[in-house]
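J.: Sharing query-v2.cif, mmCIF, C-alpha atoms:
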data_model
loop_
_atom_site.group_PDB
_atom_site.id
_atom_site.type_symbol
_atom_site.label_atom_id
_atom_site.label_comp_id
_atom_site.auth_asym_id
_atom_site.auth_seq_id
_atom_site.Cartn_x
_atom_site.Cartn_y
_atom_site.Cartn_z
ATOM 1 C CA MET A 1 0.000 0.000 0.000
ATOM 2 C CA PRO A 2 1.218 3.505 -0.720
ATOM 3 C CA SER A 3 2.117 5.737 2.180
ATOM 4 C CA SER A 4 -0.093 8.713 2.968
ATOM 5 C CA SER A 5 2.246 10.950 0.943
ATOM 6 C CA GLN A 6 1.871 8.822 -2.179
ATOM 7 C CA LYS A 7 -0.974 8.672 -4.638
ATOM 8 C CA ARG A 8 -2.283 5.224 -5.484
ATOM 9 C CA ILE A 9 -1.433 4.146 -9.007
ATOM 10 C CA ARG A 10 -4.558 4.464 -11.166
ATOM 11 C CA VAL A 11 -4.813 1.912 -13.970
ATOM 12 C CA VAL A 12 -7.366 1.754 -16.774
ATOM 13 C CA VAL A 13 -7.736 -1.870 -17.920
ATOM 14 C CA ALA A 14 -9.407 -2.049 -21.317
ATOM 15 C CA LYS A 15 -10.550 -4.600 -23.870
ATOM 16 C CA PRO A 16 -10.393 -2.786 -27.216
ATOM 17 C CA GLY A 17 -11.937 -3.922 -30.455
ATOM 18 C CA LEU A 18 -14.309 -6.782 -31.059
ATOM 19 C CA ASP A 19 -12.610 -9.309 -28.789
ATOM 20 C CA GLY A 20 -15.240 -10.687 -26.415
ATOM 21 C CA HIS A 21 -13.004 -12.673 -24.063
ATOM 22 C CA ASP A 22 -12.352 -10.763 -20.853
ATOM 23 C CA ARG A 23 -11.450 -13.352 -18.236
ATOM 24 C CA GLY A 24 -7.730 -12.500 -18.433
ATOM 25 C CA ALA A 25 -8.406 -8.775 -18.162
ATOM 26 C CA LYS A 26 -10.528 -9.377 -15.075
ATOM 27 C CA VAL A 27 -7.801 -11.522 -13.495
ATOM 28 C CA ILE A 28 -5.254 -8.757 -14.151
ATOM 29 C CA ALA A 29 -7.622 -6.095 -12.781
ATOM 30 C CA ARG A 30 -8.106 -8.078 -9.571
ATOM 31 C CA ALA A 31 -4.374 -8.680 -9.145
ATOM 32 C CA LEU A 32 -3.586 -4.983 -9.603
ATOM 33 C CA ARG A 33 -6.299 -4.064 -7.090
ATOM 34 C CA ASP A 34 -4.924 -6.608 -4.631
ATOM 35 C CA ALA A 35 -1.498 -4.986 -5.104
ATOM 36 C CA GLY A 36 -2.925 -1.645 -3.916
ATOM 37 C CA MET A 37 -3.633 -0.002 -7.254
ATOM 38 C CA GLU A 38 -6.862 1.723 -8.158
ATOM 39 C CA VAL A 39 -8.298 -0.062 -11.207
ATOM 40 C CA ILE A 40 -10.912 1.178 -13.640
ATOM 41 C CA TYR A 41 -12.102 -1.675 -15.870
ATOM 42 C CA THR A 42 -13.788 -0.323 -18.998
ATOM 43 C CA GLY A 43 -15.474 -3.523 -20.134
ATOM 44 C CA LEU A 44 -15.606 -5.065 -23.584
ATOM 45 C CA ARG A 45 -15.448 -3.581 -27.067
ATOM 46 C CA GLN A 46 -13.872 -0.227 -26.267
ATOM 47 C CA THR A 47 -12.585 2.122 -28.965
ATOM 48 C CA PRO A 48 -9.211 3.826 -28.599
ATOM 49 C CA GLU A 49 -11.120 7.110 -28.122
ATOM 50 C CA GLN A 50 -13.185 5.669 -25.270
ATOM 51 C CA ILE A 51 -10.083 4.268 -23.581
ATOM 52 C CA VAL A 52 -8.143 7.543 -23.811
ATOM 53 C CA ASN A 53 -11.169 9.531 -22.623
ATOM 54 C CA THR A 54 -11.534 7.217 -19.623
ATOM 55 C CA ALA A 55 -7.822 7.581 -18.790
ATOM 56 C CA LEU A 56 -8.146 11.357 -19.004
ATOM 57 C CA GLN A 57 -11.315 11.526 -16.893
ATOM 58 C CA GLU A 58 -9.923 9.131 -14.292
ATOM 59 C CA ASP A 59 -6.469 10.784 -14.176
ATOM 60 C CA ALA A 60 -4.909 7.377 -14.818
ATOM 61 C CA GLY A 61 -1.172 6.880 -14.858
ATOM 62 C CA VAL A 62 -1.400 3.547 -16.671
ATOM 63 C CA ILE A 63 -3.432 2.061 -19.508
ATOM 64 C CA GLY A 64 -3.393 -1.713 -19.740
ATOM 65 C CA LEU A 65 -4.791 -3.194 -22.922
ATOM 66 C CA SER A 66 -5.815 -6.825 -23.219
ATOM 67 C CA ILE A 67 -5.883 -7.865 -26.867
ATOM 68 C CA LEU A 68 -6.498 -11.413 -28.049
ATOM 69 C CA SER A 69 -7.995 -10.648 -31.468
ATOM 70 C CA GLY A 70 -4.859 -9.699 -33.406
ATOM 71 C CA ALA A 71 -6.058 -6.110 -33.802
ATOM 72 C CA HIS A 72 -3.127 -4.656 -31.843
ATOM 73 C CA THR A 73 -1.440 -3.397 -35.047
ATOM 74 C CA THR A 74 -4.495 -1.215 -35.715
ATOM 75 C CA ILE A 75 -5.622 -0.294 -32.200
ATOM 76 C CA VAL A 76 -2.295 0.540 -30.562
ATOM 77 C CA PRO A 77 -1.177 3.126 -33.169
ATOM 78 C CA GLN A 78 -4.565 4.861 -32.865
ATOM 79 C CA LEU A 79 -4.409 4.873 -29.073
ATOM 80 C CA MET A 80 -0.835 6.168 -28.958
ATOM 81 C CA SER A 81 -1.694 8.918 -31.458
ATOM 82 C CA LEU A 82 -4.667 10.007 -29.340
ATOM 83 C CA LEU A 83 -2.504 10.105 -26.201
ATOM 84 C CA LYS A 84 -0.024 12.344 -28.018
ATOM 85 C CA GLU A 85 -2.787 14.635 -29.348
ATOM 86 C CA ARG A 86 -4.108 15.076 -25.808
ATOM 87 C CA HIS A 87 -0.638 15.637 -24.307
ATOM 88 C CA MET A 88 -0.895 12.424 -22.289
ATOM 89 C CA GLU A 89 2.463 10.935 -23.277
ATOM 90 C CA ASP A 90 3.258 10.448 -19.583
ATOM 91 C CA VAL A 91 0.615 7.702 -19.310
ATOM 92 C CA LEU A 92 2.332 4.316 -19.191
ATOM 93 C CA VAL A 93 0.841 1.928 -21.765
ATOM 94 C CA VAL A 94 1.227 -1.825 -21.384
ATOM 95 C CA ILE A 95 -0.405 -4.516 -23.456
ATOM 96 C CA GLY A 96 -1.029 -8.165 -22.901
ATOM 97 C CA GLY A 97 -2.617 -11.016 -24.726
ATOM 98 C CA ILE A 98 -1.804 -12.714 -27.975
ATOM 99 C CA ILE A 99 0.932 -10.511 -29.405
ATOM 100 C CA PRO A 100 3.269 -12.372 -31.778
ATOM 101 C CA ASP A 101 6.995 -12.096 -31.059
ATOM 102 C CA ALA A 102 7.429 -10.409 -34.453
ATOM 103 C CA ASP A 103 5.150 -7.524 -33.361
ATOM 104 C CA VAL A 104 6.691 -6.759 -29.958
ATOM 105 C CA ALA A 105 9.391 -4.408 -31.294
ATOM 106 C CA GLU A 106 6.786 -2.515 -33.360
ATOM 107 C CA MET A 107 4.573 -2.051 -30.287
ATOM 108 C CA LYS A 108 7.512 -0.728 -28.265
ATOM 109 C CA ALA A 109 8.545 1.594 -31.109
ATOM 110 C CA LEU A 110 5.048 3.094 -30.938
ATOM 111 C CA GLY A 111 5.611 3.905 -27.262
ATOM 112 C CA VAL A 112 4.220 0.844 -25.489
ATOM 113 C CA ALA A 113 6.286 0.388 -22.330
ATOM 114 C CA GLU A 114 5.948 -3.404 -22.159
ATOM 115 C CA VAL A 115 4.241 -6.315 -23.878
ATOM 116 C CA PHE A 116 3.146 -9.194 -21.662
ATOM 117 C CA GLN A 117 2.656 -12.368 -23.655
ATOM 118 C CA PRO A 118 0.946 -15.586 -22.563
ATOM 119 C CA GLY A 119 2.643 -17.018 -19.499
ATOM 120 C CA ALA A 120 3.673 -13.669 -18.014
ATOM 121 C CA SER A 121 3.267 -13.823 -14.264
ATOM 122 C CA LEU A 122 0.953 -11.492 -12.382
ATOM 123 C CA ASP A 123 3.908 -10.551 -10.178
ATOM 124 C CA SER A 124 5.980 -9.487 -13.191
ATOM 125 C CA ILE A 125 3.156 -7.214 -14.389
ATOM 126 C CA ILE A 126 2.668 -5.685 -10.934
ATOM 127 C CA GLN A 127 6.398 -5.152 -10.437
ATOM 128 C CA PHE A 128 6.771 -3.572 -13.879
ATOM 129 C CA ILE A 129 4.003 -1.072 -13.193
ATOM 130 C CA HIS A 130 5.318 -0.267 -9.705
ATOM 131 C CA SER A 131 8.834 0.293 -11.032
ATOM 132 C CA HIS A 132 7.759 2.470 -13.979
ATOM 133 C CA VAL A 133 5.159 4.793 -12.473
ATOM 134 C CA ALA A 134 6.170 7.820 -10.448
ATOM 135 C CA GLN A 135 3.923 7.455 -7.402
ATOM 136 C CA ASN A 136 4.576 10.942 -6.080
ATOM 137 C CA ALA A 137 3.411 12.676 -9.246
#
Go ahead and express the file in the form of structure tokens.

T.:
Amino acid sequence: MPSSSQKRIRVVVAKPGLDGHDRGAKVIARALRDAGMEVIYTGLRQTPEQIVNTALQEDAGVIGLSILSGAHTTIVPQLMSLLKERHMEDVLVVIGGIIPDADVAEMKALGVAEVFQPGASLDSIIQFIHSHVAQNA
């Protein structure tokens, strides 16, 4: 838990696109909550605009995308462009799901901080977020 002088990390967990499988996103959301973060789960079938708007309204420091549909090469560039347009480049973006090895470098070149592929541990995700978000911001 953060000390009284620290803000809790606020994370928007989103399921963009037409992918209807959200069990993994819900498991991640619960794990982040259990680790002391404030989690806003947007639900299924979110557009990049909806996700960025939620992050802005909720003053989130992190956006976590769960993508199983293969649409990451379309959705992530749109989302990153919207973050830049709205001067939200300081929001940490992480993605998880079915992201082929060949696409990881492209996602990181777009500004994604980390890609968590199948088998990534909950602890590794939590530790990554804790180590990459300035809690005293």

J.: Set the distance at 12 Å and use all atoms listed in the file: which residues neighbour A:Ala102 once local chain neighbours fewer than 4 positions away are removed? I'd like the list as a ChimeraX atom specification.

T.: /A:73,98,106-108,115,117

J.: Just to confirm, what's the straight-line distance from atom CA of A:Thr42 to atom CA of A:Asp103 in Å (one decimal)?

T.: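 Computed distance, atom CA of A:Thr42 to atom CA of A:Asp103, equals 24.8 Å.
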
J.: Near A:Gly111, counting only C-alpha atoms, which residues have an atom at most 12 Å away, once you skip same-chain residues fewer than 2 positions from it, shown as a count of residues only?

T.: 25

J.: Could you name the residues that touch A:Glu58 at 9 Å or less, counting all atoms listed in the file, but leaving out those on the same chain fewer than 5 positions away, as a PyMOL selection string?

T.: chain A and resi 10-12+40+53

J.: Of the candidates A:Leu56, A:Ala14, A:Val27, A:Val62, which one gets nearest to A:Phe128 if we count all atoms listed in the file?

T.: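 Checking each candidate against A:Phe128, we get A:Val62 as the closest.
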
J.: Mind listing whatever residues come within 12 Å of the point (-4.4, -9.7, -24.5)? Use only C-alpha atoms, file coordinates, and give them as a VMD selection string.

T.: chain A and resid 13 to 17 19 to 28 64 to 72 94 to 100 115 to 120

J.: Tell me which of A:Leu18, A:Arg30, A:Ser131, A:Glu85 sits closest to A:Leu44, counting only C-alpha atoms.

T.: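 The shortest atom-to-atom distance to A:Leu44 comes from A:Leu18.
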
J.: Using the file's own x, y and z axes, so that the box edges lie along x, y and z, what centre and edge lengths in Å (one decimal) does a box around every listed atom of stretch 127-134 of chain A get when 6 Å is added on each side? Give it as lines of an AutoDock Vina configuration file.

T.:
center_x = 6.4
center_y = 1.3
center_z = -11.8
size_x = 16.8
size_y = 25.0
size_z = 16.3

J.: Would you compute the distance between atom CA of A:Ile129 and atom CA of A:Thr47? Give it in Å to one decimal.

T.: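 Taking atom CA of A:Ile129 as the start and atom CA of A:Thr47 as the end point, the length is 23.1 Å.
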
J.: Rounded to one decimal in Å, what is the spacing between atom CA of A:Gly43 and atom CA of A:Ala29?

T.: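 Those two atoms sit 11.1 Å apart.
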
J.: Of the residues A:Arg8, A:Thr74, A:Ile51, A:Leu82, which is the one nearest to A:Met37, using all atoms listed in the file?

T.: A:Arg8
